[in-house]
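What follows is model.pdb (PDB, C-alpha atoms).
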ATOM      1  CA  MET A   1      61.616 143.894 196.279
ATOM      2  CA  HIS A   2      59.792 146.017 198.781
ATOM      3  CA  GLN A   3      62.757 146.338 201.138
ATOM      4  CA  HIS A   4      66.485 146.200 200.584
ATOM      5  CA  MET A   5      66.983 143.900 203.578
ATOM      6  CA  ALA A   6      64.694 141.463 205.331
ATOM      7  CA  LYS A   7      63.183 142.581 208.613
ATOM      8  CA  THR A   8      64.099 139.881 211.114
ATOM      9  CA  ILE A   9      61.280 138.631 213.350
ATOM     10  CA  HIS A  10      61.785 136.530 216.494
ATOM     11  CA  PRO A  11      58.676 134.596 217.602
ATOM     12  CA  VAL A  12      58.918 135.275 221.320
ATOM     13  CA  ARG A  13      59.970 138.897 221.603
ATOM     14  CA  ASP A  14      58.873 140.600 218.374
ATOM     15  CA  SER A  15      55.521 141.871 217.176
ATOM     16  CA  PHE A  16      53.892 140.027 214.312
ATOM     17  CA  ALA A  17      51.490 142.870 213.589
ATOM     18  CA  GLU A  18      53.256 144.191 210.476
ATOM     19  CA  PRO A  19      53.828 140.873 208.642
ATOM     20  CA  ALA A  20      50.401 139.579 209.698
ATOM     21  CA  GLY A  21      48.705 142.741 208.469
ATOM     22  CA  LEU A  22      50.390 142.487 205.084
ATOM     23  CA  TYR A  23      49.582 138.768 204.965
ATOM     24  CA  ARG A  24      45.861 139.464 205.449
ATOM     25  CA  GLN A  25      45.948 141.770 202.434
ATOM     26  CA  ALA A  26      47.470 139.114 200.154
ATOM     27  CA  ARG A  27      45.124 137.644 197.582
ATOM     28  CA  CYS A  28      47.090 134.445 196.929
ATOM     29  CA  PRO A  29      49.472 133.397 199.713
ATOM     30  CA  VAL A  30      51.470 130.229 198.974
ATOM     31  CA  ALA A  31      53.934 128.166 201.022
ATOM     32  CA  LEU A  32      57.153 126.616 199.672
ATOM     33  CA  THR A  33      58.607 124.054 202.066
ATOM     34  CA  GLY A  34      61.776 122.022 202.343
ATOM     35  CA  ALA A  35      63.470 119.603 204.708
ATOM     36  CA  GLY A  36      63.645 122.083 207.583
ATOM     37  CA  ILE A  37      59.935 121.921 208.347
ATOM     38  CA  SER A  38      60.133 118.130 208.763
ATOM     39  CA  VAL A  39      63.337 118.073 210.823
ATOM     40  CA  GLU A  40      61.145 118.982 213.792
ATOM     41  CA  SER A  41      59.149 115.798 213.114
ATOM     42  CA  GLY A  42      62.338 113.754 213.463
ATOM     43  CA  ILE A  43      63.198 113.403 209.764
ATOM     44  CA  PRO A  44      66.813 114.471 209.174
ATOM     45  CA  ASP A  45      67.696 116.577 206.163
ATOM     46  CA  PHE A  46      69.315 114.244 203.615
ATOM     47  CA  ARG A  47      72.347 116.567 203.536
ATOM     48  CA  SER A  48      72.769 116.831 207.316
ATOM     49  CA  ASP A  49      75.394 115.026 209.376
ATOM     50  CA  THR A  50      72.819 112.327 210.174
ATOM     51  CA  GLY A  51      71.190 112.383 206.737
ATOM     52  CA  LEU A  52      70.996 109.577 204.207
ATOM     53  CA  TRP A  53      73.584 111.086 201.864
ATOM     54  CA  ARG A  54      76.243 110.409 204.538
ATOM     55  CA  ILE A  55      75.531 106.691 204.149
ATOM     56  CA  PHE A  56      74.293 106.404 200.563
ATOM     57  CA  ARG A  57      76.094 108.562 198.034
ATOM     58  CA  PRO A  58      73.309 110.052 195.890
ATOM     59  CA  GLU A  59      75.224 109.607 192.631
ATOM     60  CA  GLU A  60      75.590 105.904 193.448
ATOM     61  CA  TYR A  61      72.141 105.126 194.859
ATOM     62  CA  ALA A  62      69.673 107.899 194.080
ATOM     63  CA  THR A  63      69.788 108.275 190.302
ATOM     64  CA  ILE A  64      67.375 106.752 187.818
ATOM     65  CA  GLU A  65      70.368 104.980 186.267
ATOM     66  CA  ALA A  66      71.191 103.427 189.646
ATOM     67  CA  PHE A  67      67.670 102.032 189.893
ATOM     68  CA  THR A  68      67.478 100.653 186.358
ATOM     69  CA  GLY A  69      71.027  99.294 186.588
ATOM     70  CA  SER A  70      70.583  97.513 189.920
ATOM     71  CA  PRO A  71      67.173  97.654 191.600
ATOM     72  CA  PRO A  72      68.337  95.515 194.561
ATOM     73  CA  LYS A  73      71.151  97.965 195.320
ATOM     74  CA  ALA A  74      68.881 100.998 194.949
ATOM     75  CA  TRP A  75      66.378  99.397 197.297
ATOM     76  CA  ARG A  76      68.978  99.531 200.107
ATOM     77  CA  LEU A  77      68.485 103.308 200.023
ATOM     78  CA  TYR A  78      64.694 103.118 199.620
ATOM     79  CA  ARG A  79      64.343 100.814 202.627
ATOM     80  CA  ALA A  80      66.511 103.050 204.786
ATOM     81  CA  LEU A  81      64.425 106.018 203.659
ATOM     82  CA  GLY A  82      61.118 104.272 204.306
ATOM     83  CA  THR A  83      62.245 103.039 207.723
ATOM     84  CA  GLY A  84      63.111 106.612 208.678
ATOM     85  CA  LEU A  85      59.578 107.776 207.868
ATOM     86  CA  ILE A  86      57.742 105.199 209.984
ATOM     87  CA  ASP A  87      55.474 106.736 212.652
ATOM     88  CA  LYS A  88      56.585 110.304 211.926
ATOM     89  CA  GLN A  89      53.876 112.857 212.693
ATOM     90  CA  PRO A  90      53.250 116.368 211.349
ATOM     91  CA  GLY A  91      54.832 119.121 213.392
ATOM     92  CA  PRO A  92      53.373 122.473 214.454
ATOM     93  CA  GLY A  93      54.596 124.083 211.229
ATOM     94  CA  HIS A  94      52.666 121.575 209.097
ATOM     95  CA  LEU A  95      49.576 122.048 211.249
ATOM     96  CA  ALA A  96      49.765 125.858 211.037
ATOM     97  CA  LEU A  97      49.790 125.721 207.237
ATOM     98  CA  ALA A  98      46.792 123.390 207.240
ATOM     99  CA  GLU A  99      44.965 125.767 209.588
ATOM    100  CA  LEU A 100      45.662 128.733 207.286
ATOM    101  CA  GLU A 101      44.353 126.786 204.287
ATOM    102  CA  THR A 102      41.208 125.738 206.157
ATOM    103  CA  ALA A 103      40.560 129.420 206.902
ATOM    104  CA  ASN A 104      41.045 130.280 203.208
ATOM    105  CA  LYS A 105      44.253 132.129 204.018
ATOM    106  CA  LEU A 106      46.585 129.859 202.028
ATOM    107  CA  GLU A 107      46.136 128.868 198.387
ATOM    108  CA  GLY A 108      48.444 125.861 198.472
ATOM    109  CA  VAL A 109      51.697 124.247 199.563
ATOM    110  CA  ILE A 110      54.554 123.538 197.172
ATOM    111  CA  THR A 111      56.902 121.074 198.857
ATOM    112  CA  GLN A 112      60.235 119.481 198.083
ATOM    113  CA  ASN A 113      59.559 116.881 200.778
ATOM    114  CA  ILE A 114      58.437 113.332 200.052
ATOM    115  CA  ASP A 115      57.229 112.464 203.557
ATOM    116  CA  GLY A 116      53.529 113.223 203.073
ATOM    117  CA  LEU A 117      53.303 115.156 206.353
ATOM    118  CA  HIS A 118      51.518 118.154 204.832
ATOM    119  CA  SER A 119      48.635 115.954 203.710
ATOM    120  CA  ARG A 120      48.567 114.144 207.049
ATOM    121  CA  ALA A 121      48.350 117.533 208.773
ATOM    122  CA  GLY A 122      45.233 118.342 206.772
ATOM    123  CA  SER A 123      46.536 120.410 203.862
ATOM    124  CA  ARG A 124      44.448 119.669 200.771
ATOM    125  CA  LYS A 125      46.316 121.417 197.953
ATOM    126  CA  VAL A 126      49.844 120.017 198.172
ATOM    127  CA  LEU A 127      52.074 120.079 195.098
ATOM    128  CA  GLU A 128      54.951 117.619 195.572
ATOM    129  CA  VAL A 129      57.866 118.638 193.349
ATOM    130  CA  HIS A 130      59.863 115.512 194.160
ATOM    131  CA  GLY A 131      57.005 113.024 194.369
ATOM    132  CA  GLU A 132      55.974 111.114 197.481
ATOM    133  CA  HIS A 133      57.052 107.995 199.359
ATOM    134  CA  GLN A 134      53.573 106.710 200.170
ATOM    135  CA  HIS A 135      53.249 104.715 196.930
ATOM    136  CA  LEU A 136      55.337 102.461 194.693
ATOM    137  CA  HIS A 137      55.108 102.758 190.937
ATOM    138  CA  CYS A 138      56.204 100.824 187.897
ATOM    139  CA  LEU A 139      58.326 102.551 185.284
ATOM    140  CA  THR A 140      57.267 100.022 182.650
ATOM    141  CA  CYS A 141      53.463  99.948 182.839
ATOM    142  CA  GLY A 142      52.591 102.795 185.224
ATOM    143  CA  PHE A 143      51.069 100.595 187.936
ATOM    144  CA  LEU A 144      50.759 102.357 191.308
ATOM    145  CA  ARG A 145      50.071 100.880 194.724
ATOM    146  CA  PRO A 146      50.446 102.009 198.360
ATOM    147  CA  PHE A 147      53.769 101.450 200.107
ATOM    148  CA  GLN A 148      53.470  98.505 202.532
ATOM    149  CA  SER A 149      55.476  97.705 205.646
ATOM    150  CA  SER A 150      56.518  94.422 204.028
ATOM    151  CA  ASP A 151      58.305  96.434 201.324
ATOM    152  CA  LEU A 152      60.891  97.353 203.973
ATOM    153  CA  GLU A 153      61.831  93.749 204.674
ATOM    154  CA  ASP A 154      65.088  92.361 203.301
ATOM    155  CA  GLY A 155      64.864  90.482 200.067
ATOM    156  CA  PRO A 156      64.300  91.157 196.374
ATOM    157  CA  PRO A 157      62.689  94.478 195.411
ATOM    158  CA  PRO A 158      58.885  94.428 195.283
ATOM    159  CA  ALA A 159      57.703  93.431 191.810
ATOM    160  CA  CYS A 160      54.880  94.915 189.779
ATOM    161  CA  SER A 161      51.789  92.708 190.010
ATOM    162  CA  GLN A 162      50.901  93.650 186.426
ATOM    163  CA  CYS A 163      54.154  93.128 184.525
ATOM    164  CA  GLY A 164      56.713  91.812 187.012
ATOM    165  CA  TYR A 165      59.155  94.749 186.674
ATOM    166  CA  PRO A 166      60.765  95.969 189.948
ATOM    167  CA  LEU A 167      58.770  98.761 191.559
ATOM    168  CA  LYS A 168      60.310 101.992 192.854
ATOM    169  CA  PRO A 169      58.979 104.531 195.349
ATOM    170  CA  ASN A 170      56.916 107.260 193.704
ATOM    171  CA  ILE A 171      59.700 109.772 194.251
ATOM    172  CA  VAL A 172      61.809 111.757 191.816
ATOM    173  CA  LEU A 173      65.315 110.385 191.465
ATOM    174  CA  PHE A 174      68.231 112.373 190.112
ATOM    175  CA  GLY A 175      67.884 112.294 186.337
ATOM    176  CA  GLU A 176      64.068 112.264 186.410
ATOM    177  CA  MET A 177      61.726 115.164 185.672
ATOM    178  CA  VAL A 178      60.230 116.977 188.645
ATOM    179  CA  ARG A 179      56.492 116.685 189.203
ATOM    180  CA  GLN A 180      53.430 118.925 188.937
ATOM    181  CA  MET A 181      55.177 121.860 187.265
ATOM    182  CA  PRO A 182      52.109 123.023 185.255
ATOM    183  CA  GLN A 183      50.092 123.342 188.477
ATOM    184  CA  ILE A 184      53.026 125.002 190.244
ATOM    185  CA  ASP A 185      53.527 127.510 187.439
ATOM    186  CA  GLU A 186      49.828 128.382 187.517
ATOM    187  CA  LEU A 187      49.911 128.894 191.280
ATOM    188  CA  LEU A 188      53.063 131.007 191.201
ATOM    189  CA  ALA A 189      51.584 133.170 188.442
ATOM    190  CA  ARG A 190      48.860 134.209 190.915
ATOM    191  CA  CYS A 191      50.977 134.232 194.078
ATOM    192  CA  ASP A 192      51.495 137.625 195.730
ATOM    193  CA  LEU A 193      53.018 136.327 198.976
ATOM    194  CA  LEU A 194      55.365 133.345 199.179
ATOM    195  CA  MET A 195      56.419 131.810 202.472
ATOM    196  CA  VAL A 196      59.755 130.014 202.016
ATOM    197  CA  ILE A 197      59.996 127.548 204.897
ATOM    198  CA  GLY A 198      62.844 125.258 205.901
ATOM    199  CA  THR A 199      64.740 125.480 202.633
ATOM    200  CA  SER A 200      67.549 127.569 201.183
ATOM    201  CA  ALA A 201      65.820 127.197 197.784
ATOM    202  CA  GLN A 202      69.122 126.858 195.949
ATOM    203  CA  VAL A 203      68.380 123.850 193.718
ATOM    204  CA  TYR A 204      66.515 124.393 190.447
ATOM    205  CA  PRO A 205      63.749 124.544 189.501
ATOM    206  CA  VAL A 206      62.725 125.397 193.078
ATOM    207  CA  ALA A 207      65.430 128.094 193.278
ATOM    208  CA  SER A 208      63.512 130.100 190.688
ATOM    209  CA  PHE A 209      60.187 130.102 192.559
ATOM    210  CA  PRO A 210      60.892 132.990 194.993
ATOM    211  CA  TYR A 211      62.263 135.097 192.165
ATOM    212  CA  VAL A 212      59.196 134.482 190.000
ATOM    213  CA  VAL A 213      57.062 135.892 192.828
ATOM    214  CA  HIS A 214      59.574 138.675 193.571
ATOM    215  CA  HIS A 215      59.645 139.749 189.917
ATOM    216  CA  ARG A 216      55.876 140.159 189.942
ATOM    217  CA  GLY A 217      56.066 142.359 193.037
ATOM    218  CA  GLY A 218      55.053 139.702 195.558
ATOM    219  CA  LEU A 219      56.174 139.563 199.176
ATOM    220  CA  ILE A 220      58.692 136.965 200.375
ATOM    221  CA  TYR A 221      58.516 135.663 203.961
ATOM    222  CA  GLU A 222      61.455 133.401 204.859
ATOM    223  CA  PHE A 223      61.376 130.951 207.778
ATOM    224  CA  ASN A 224      64.763 129.363 208.511
ATOM    225  CA  THR A 225      67.021 128.707 211.478
ATOM    226  CA  ALA A 226      69.843 130.738 209.902
ATOM    227  CA  PRO A 227      70.156 133.245 207.052
ATOM    228  CA  THR A 228      70.413 131.893 203.495
ATOM    229  CA  PRO A 229      71.293 133.470 200.140
ATOM    230  CA  LEU A 230      67.602 134.343 199.854
ATOM    231  CA  THR A 231      67.493 136.322 203.097
ATOM    232  CA  HIS A 232      68.911 139.605 201.805
ATOM    233  CA  SER A 233      66.066 139.938 199.300
ATOM    234  CA  ALA A 234      63.230 138.688 201.534
ATOM    235  CA  ASP A 235      60.754 141.114 203.091
ATOM    236  CA  PHE A 236      60.620 139.344 206.452
ATOM    237  CA  PHE A 237      63.012 136.769 207.893
ATOM    238  CA  PHE A 238      61.513 134.695 210.705
ATOM    239  CA  GLU A 239      64.610 133.369 212.406
ATOM    240  CA  GLY A 240      64.373 130.095 214.307
ATOM    241  CA  LYS A 241      62.293 126.935 214.110
ATOM    242  CA  ALA A 242      59.294 127.032 211.795
ATOM    243  CA  GLY A 243      57.418 125.122 214.494
ATOM    244  CA  ALA A 244      57.494 128.288 216.591
ATOM    245  CA  SER A 245      57.257 131.115 214.060
ATOM    246  CA  LEU A 246      54.646 129.673 211.679
ATOM    247  CA  PRO A 247      52.006 128.980 214.354
ATOM    248  CA  ALA A 248      52.730 132.396 215.882
ATOM    249  CA  LEU A 249      52.168 134.151 212.561
ATOM    250  CA  ALA A 250      49.083 132.050 211.801
ATOM    251  CA  LYS A 251      47.487 132.962 215.132
ATOM    252  CA  VAL A 252      47.850 136.675 214.474
ATOM    253  CA  VAL A 253      46.734 136.370 210.833
ATOM    254  CA  LEU A 254      43.634 134.467 211.923
ATOM    255  CA  GLY A 255      42.994 136.754 214.892
ATOM    256  CA  THR A 256      42.829 133.846 217.302
ATOM    257  CA  SER A 257      45.398 135.033 219.807
ATOM    258  CA  TRP A 258      46.014 138.725 220.342
ATOM    259  CA  GLN A 259      47.630 140.578 223.211
ATOM    260  CA  GLY A 260      48.077 144.053 221.876
ATOM    261  CA  ASP A 261      50.158 143.275 218.820
ATOM    262  CA  LYS A 262      52.166 140.529 220.525
ATOM    263  CA  VAL A 263      51.553 136.823 220.161
ATOM    264  CA  THR A 264      50.312 135.226 223.372
ATOM    265  CA  GLN A 265      52.532 132.397 224.480
TER     266      GLN A 265
END
Encoding of this model in structure tokens:
Amino acid sequence: MHQHMAKTIHPVRDSFAEPAGLYRQARCPVALTGAGISVESGIPDFRSDTGLWRIFRPEEYATIEAFTGSPPKAWRLYRALGTGLIDKQPGPGHLALAELETANKLEGVITQNIDGLHSRAGSRKVLEVHGEHQHLHCLTCGFLRPFQSSDLEDGPPPACSQCGYPLKPNIVLFGEMVRQMPQIDELLARCDLLMVIGTSAQVYPVASFPYVVHHRGGLIYEFNTAPTPLTHSADFFFEGKAGASLPALAKVVLGTSWQGDKVTQ
């Protein structure tokens, strides 16, 4: 890594000139996001005190075996999840990433989130490791259709219109393979700057992504509210909410808001 310890940046009081200057030199910047970027949109982290895992034990509700063994029981979790996503809007962190991509300053977003907020914010290249909750799919015949508000109503699980098998949200359950790994591997092979945003990146395969970039000599920018095991090996640690630090960095990278080398507030 380029430094032995991350340089901590605070959005309000610190200059963004150094990280923004290095960012502009990157040929293939990529973002890796987790639950933290969507917490600001009102979606609790599953593992938080108000998260779904406090109500629905993942080993009981969120495995592929739980779905195939009892779709009606598994749908108690899916309906709670879907209800929690209703009317949620992208936050400033999502919008900043979309703005960077529009300006050709971001090659893509790799996300662990299933909420679809990156796409709603305007990001075009979004690789969803854990799938997405905007569609239902059939494990038997592969049928796919959009999630509908009626799917959240009590009653039997929605059935496949092609074969009659119970549908499940197009998300990755425990015991299933993660999604889009060939595209992710190709992107990481070119990545020379990885922004790790709202995730401790401790669960595999995602845990390996920063180290793939690090091993190739790429820069690591971490955006989290508190230090993580990744922090000591990051180049820059942007401490605080991604909704503050990401737009601040994006403004300086894009040259849209300068005041000396400070971000205008």
Closest pair table for region 42-75 of chain A residues within 12 Å of region 182-204 of chain A, only C-alpha atoms, as CSV:
residue,atom,partner,partner_atom,distance
A:Pro44,CA,A:Gly198,CA,12.0
A:Asp45,CA,A:Gly198,CA,9.9
A:Arg47,CA,A:Thr199,CA,11.8
Close residues, His130 (chain A) itself excluded, 6 Å, only C-alpha atoms, min 4 positions apart in chain, as a list in words:
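So, after excluding close chain neighbours, the residues are Gln112, Ile171, Val172 and Val178 of chain A.
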Closest pair table for region 19-55 of chain A residues within 10 Å of region 223-229 of chain A, only C-alpha atoms, as a tab-separated table:
residue	atom	partner	partner_atom	distance
A:Thr33	CA	A:Phe223	CA	9.4
A:Gly36	CA	A:Asn224	CA	7.4
A:Ile37	CA	A:Asn224	CA	8.9
Filtering to C-alpha atoms, could you give me those residues as a PDB file, in the coordinates of the input?
ATOM      1  CA  THR A  33      58.607 124.054 202.066  1.00  0.00           C
ATOM      2  CA  GLY A  36      63.645 122.083 207.583  1.00  0.00           C
ATOM      3  CA  ILE A  37      59.935 121.921 208.347  1.00  0.00           C
TER       4      ILE A  37
END
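The two atoms in question, CA of Leu136 (chain A) and CA of Asn170 (chain A), are spaced 5.1 Å apart.
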Between CA of Pro72 (chain A) and CA of Asp154 (chain A), measure the distance and give it in Å to one decimal.
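Between CA of Pro72 (chain A) and CA of Asp154 (chain A) the gap works out to 9.8 Å.
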What would the selection look like, as a list in words, if the PyMOL selection byres ((chain A and resi 122-124) around 10) were run on the coordinates I just shared?
Pro90, His94, Leu95, Ala96, Leu97, Ala98, Glu99, Leu100, Glu101, Thr102, Leu106, Glu107, Gly108, Val109, Leu117, His118, Ser119, Arg120, Ala121, Lys125, Val126 and Leu127 of chain A
Per residue of region 78-122 of chain A within 12 Å of region 60-63 of chain A, what are the shortest atom pair and its distance in Å to one decimal, counting only C-alpha atoms, with rows by chain and residue number, as CSV?
residue,atom,partner,partner_atom,distance
A:Tyr78,CA,A:Ala62,CA,8.9
A:Arg79,CA,A:Tyr61,CA,11.8
A:Ala80,CA,A:Tyr61,CA,11.6
A:Leu81,CA,A:Ala62,CA,11.1
Could you please take those selected residues and save C-alpha atoms as a short mmCIF file (atom, residue, chain, number, x, y, z; two decimals), keeping the file's coordinate frame?
data_model
loop_
_atom_site.label_atom_id
_atom_site.label_comp_id
_atom_site.auth_asym_id
_atom_site.auth_seq_id
_atom_site.Cartn_x
_atom_site.Cartn_y
_atom_site.Cartn_z
CA TYR A 78 64.69 103.12 199.62
CA ARG A 79 64.34 100.81 202.63
CA ALA A 80 66.51 103.05 204.79
CA LEU A 81 64.42 106.02 203.66
#
A straight line from CA of Ile110 (chain A) to CA of Ala66 (chain A) spans 27.2 Å
Translate the PyMOL selection byres ((chain A and resi 212-216) around 7), as applied to the file shown, into an explicit residue set as number ranges by chain.
A: 1, 188, 191-192, 208-211, 217-219
So what does the PyMOL selection byres ((chain A and resi 12) around 12) actually pick up in this one, as a list in words?
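This file gives the following for the PyMOL selection byres ((chain A and resi 12) around 12): Ile9, His10, Pro11, Arg13, Asp14, Ser15, Phe16, Phe238, Glu239, Gly240, Lys241, Ala244, Ser245, Leu246, Pro247, Ala248, Leu249, Lys262, Val263, Thr264 and Gln265 of chain A.
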Top pick for closest residue to Met5 (chain A), considering A:Ile64, A:Leu144, A:Ala250, A:Ala234 and counting only C-alpha atoms:
A:Ala234
Excluding same-chain residues fewer than 5 positions from Glu128 (chain A), what lies within 8 Å of it counting only C-alpha atoms, as a ChimeraX atom specification?
/A:110-114,179-180
Restricting the calculation to only C-alpha atoms, which member of A:Val129, A:Ile220, A:Leu22, A:Ala159 is positioned closest to Phe236 (chain A)?
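The closest residue to Phe236 (chain A) is A:Ile220.
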